[in-house]
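Everything on this sheet refers to the single structure shown next.
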Amino acid sequence: QVQLVESGGGSVQAGGSLSLSCAASGRIFSLNGMAWYRQGPGKQRELVALITTGGSTNYAESVKGRFTISRDNAKNTVYLQMNSLKPEDTAAYYCNLRMGSLDYWGQGTQVTVSS
């Protein structure tokens with residue numbers, strides 16, 4: 001059984017920063033991708049950033065230059081540093097672990113950015 005536990009998030013004013021972390025436990029294969037998704041009010045879930053085991057990253061255009069994804073493979077943990085936050089970043093953020101064709105999700109953590 002694989003479990004993802006997220007922490008971080010909260011409320012911040014526009015221009016502020018927040019950080020998220022997600023720790024995976026259970027039967028974790030060494031080769032995997034970890035990512036952050038978000039779902040805003042009335043919107044579909046969208047990819048925010050992903051990182052491979054080797055450290056390759058990919059970002060949504062809307063967060064490039066503001067968010068940084070990183071991971072600690074020894075701890076099976078992925079992080080998301082969010083800077084220069086905007087009200088449109090307000091969403092529930094979900095951690096994702098992909099191993100082969102299997103996807104695992106965290107419970108979600110709320111990020112609220114006020115103007």
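Starting from 1 in every chain, residues are counted up; chains themselves are A, B, ... following the order of the structure tokens, and ligands are numbered from 1 as listed.
Near Asn76 (chain A), within 8 Å and counting only C-alpha atoms, sit Ala23, Ala24, Ser25, Ile28, Arg71 and Asp72 of chain A; same-chain residues fewer than 4 positions away were not included.
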How close does each residue of region 88-110 of chain A get to region 42-66 of chain A, giving the shortest atom pair and distance in Å to one decimal for every residue with an atom at most 12 Å away, counting only C-alpha atoms, sorted by chain and residue number, as JSON lines?
```
{"residue": "A:Glu88", "atom": "CA", "partner": "A:Ser62", "partner_atom": "CA", "distance": 9.6}
{"residue": "A:Asp89", "atom": "CA", "partner": "A:Val63", "partner_atom": "CA", "distance": 8.7}
{"residue": "A:Thr90", "atom": "CA", "partner": "A:Lys43", "partner_atom": "CA", "distance": 11.1}
{"residue": "A:Ala91", "atom": "CA", "partner": "A:Lys43", "partner_atom": "CA", "distance": 9.2}
{"residue": "A:Ala92", "atom": "CA", "partner": "A:Arg45", "partner_atom": "CA", "distance": 9.0}
{"residue": "A:Tyr93", "atom": "CA", "partner": "A:Val48", "partner_atom": "CA", "distance": 8.8}
{"residue": "A:Tyr94", "atom": "CA", "partner": "A:Arg45", "partner_atom": "CA", "distance": 9.0}
{"residue": "A:Cys95", "atom": "CA", "partner": "A:Leu50", "partner_atom": "CA", "distance": 9.8}
{"residue": "A:Asn96", "atom": "CA", "partner": "A:Leu50", "partner_atom": "CA", "distance": 8.8}
{"residue": "A:Leu97", "atom": "CA", "partner": "A:Leu50", "partner_atom": "CA", "distance": 9.6}
{"residue": "A:Arg98", "atom": "CA", "partner": "A:Thr52", "partner_atom": "CA", "distance": 9.6}
{"residue": "A:Met99", "atom": "CA", "partner": "A:Thr52", "partner_atom": "CA", "distance": 10.6}
{"residue": "A:Gly108", "atom": "CA", "partner": "A:Arg45", "partner_atom": "CA", "distance": 11.5}
```
| query | If you run DSSP on the backbone, which residues of region 28-59 of chain A are strand (DSSP E or B), as a PyMOL selection string? | reply | chain A and resi 33-39+46-52+57-59
Please save N, CA and C atoms of the selected residues as a PDB file, in the first residue's frame.
```pdb
ATOM      1  N   GLY A  33       7.904   9.098 -10.906  1.00  0.00           N
ATOM      2  CA  GLY A  33       7.742  10.527 -11.078  1.00  0.00           C
ATOM      3  C   GLY A  33       6.887  11.061  -9.952  1.00  0.00           C
ATOM      4  N   MET A  34       7.222  12.221  -9.481  1.00  0.00           N
ATOM      5  CA  MET A  34       6.414  12.868  -8.455  1.00  0.00           C
ATOM      6  C   MET A  34       5.999  14.236  -8.975  1.00  0.00           C
ATOM      7  N   ALA A  35       4.828  14.650  -8.596  1.00  0.00           N
ATOM      8  CA  ALA A  35       4.285  15.877  -9.166  1.00  0.00           C
ATOM      9  C   ALA A  35       3.318  16.544  -8.202  1.00  0.00           C
ATOM     10  N   TRP A  36       3.030  17.779  -8.497  1.00  0.00           N
ATOM     11  CA  TRP A  36       1.984  18.544  -7.824  1.00  0.00           C
ATOM     12  C   TRP A  36       0.948  18.944  -8.859  1.00  0.00           C
ATOM     13  N   TYR A  37      -0.296  18.730  -8.500  1.00  0.00           N
ATOM     14  CA  TYR A  37      -1.429  19.186  -9.284  1.00  0.00           C
ATOM     15  C   TYR A  37      -2.236  20.148  -8.419  1.00  0.00           C
ATOM     16  N   ARG A  38      -3.116  20.897  -9.049  1.00  0.00           N
ATOM     17  CA  ARG A  38      -4.014  21.754  -8.293  1.00  0.00           C
ATOM     18  C   ARG A  38      -5.378  21.809  -8.964  1.00  0.00           C
ATOM     19  N   GLN A  39      -6.353  22.101  -8.123  1.00  0.00           N
ATOM     20  CA  GLN A  39      -7.726  22.230  -8.622  1.00  0.00           C
ATOM     21  C   GLN A  39      -8.358  23.435  -7.957  1.00  0.00           C
ATOM     22  N   GLU A  46      -5.238  20.430 -12.671  1.00  0.00           N
ATOM     23  CA  GLU A  46      -4.196  20.694 -13.651  1.00  0.00           C
ATOM     24  C   GLU A  46      -2.820  20.417 -13.053  1.00  0.00           C
ATOM     25  N   LEU A  47      -1.899  20.045 -13.938  1.00  0.00           N
ATOM     26  CA  LEU A  47      -0.527  19.813 -13.515  1.00  0.00           C
ATOM     27  C   LEU A  47       0.152  21.137 -13.194  1.00  0.00           C
ATOM     28  N   VAL A  48       0.805  21.190 -12.067  1.00  0.00           N
ATOM     29  CA  VAL A  48       1.577  22.373 -11.689  1.00  0.00           C
ATOM     30  C   VAL A  48       3.050  22.161 -12.005  1.00  0.00           C
ATOM     31  N   ALA A  49       3.598  21.049 -11.548  1.00  0.00           N
ATOM     32  CA  ALA A  49       5.015  20.761 -11.761  1.00  0.00           C
ATOM     33  C   ALA A  49       5.254  19.283 -11.526  1.00  0.00           C
ATOM     34  N   LEU A  50       6.246  18.756 -12.218  1.00  0.00           N
ATOM     35  CA  LEU A  50       6.621  17.371 -11.989  1.00  0.00           C
ATOM     36  C   LEU A  50       8.129  17.247 -11.970  1.00  0.00           C
ATOM     37  N   ILE A  51       8.605  16.173 -11.348  1.00  0.00           N
ATOM     38  CA  ILE A  51      10.032  15.922 -11.258  1.00  0.00           C
ATOM     39  C   ILE A  51      10.264  14.418 -11.315  1.00  0.00           C
ATOM     40  N   THR A  52      11.255  14.020 -12.109  1.00  0.00           N
ATOM     41  CA  THR A  52      11.577  12.602 -12.224  1.00  0.00           C
ATOM     42  C   THR A  52      12.590  12.211 -11.146  1.00  0.00           C
ATOM     43  N   THR A  57      12.693  18.329 -14.531  1.00  0.00           N
ATOM     44  CA  THR A  57      11.478  19.011 -14.090  1.00  0.00           C
ATOM     45  C   THR A  57      10.683  19.561 -15.268  1.00  0.00           C
ATOM     46  N   ASN A  58       9.416  19.776 -15.011  1.00  0.00           N
ATOM     47  CA  ASN A  58       8.546  20.401 -15.992  1.00  0.00           C
ATOM     48  C   ASN A  58       7.519  21.220 -15.215  1.00  0.00           C
ATOM     49  N   TYR A  59       7.195  22.397 -15.729  1.00  0.00           N
ATOM     50  CA  TYR A  59       6.293  23.309 -15.032  1.00  0.00           C
ATOM     51  C   TYR A  59       5.173  23.781 -15.952  1.00  0.00           C
TER      52      TYR A  59
END
```
| request: Go through A:Ser17, A:Asn32, A:Thr68, A:Ser115 and flag the residue nearest Ser84 (chain A), using only C-alpha atoms for the distances. | output: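 Comparing A:Ser17, A:Asn32, A:Thr68, A:Ser115 against Ser84 (chain A), the winner is A:Ser17.
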| task | Excluding Gly10 (chain A) and any residue of its chain fewer than 6 positions from it, enumerate the residues within 7 Å of it, using only C-alpha atoms, and give them as an MDAnalysis selection string. | result | chainID A and resid 110:112
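Pairwise distance (CA of Thr109 (chain A), CA of Gly8 (chain A)) equals 7.3 Å.
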| query | If you measure from CA of Pro87 (chain A) to CA of Ile69 (chain A), what distance in Å do you get, rounded to one decimal? | reply |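 Going from CA of Pro87 (chain A) over to CA of Ile69 (chain A), I get 19.9 Å.
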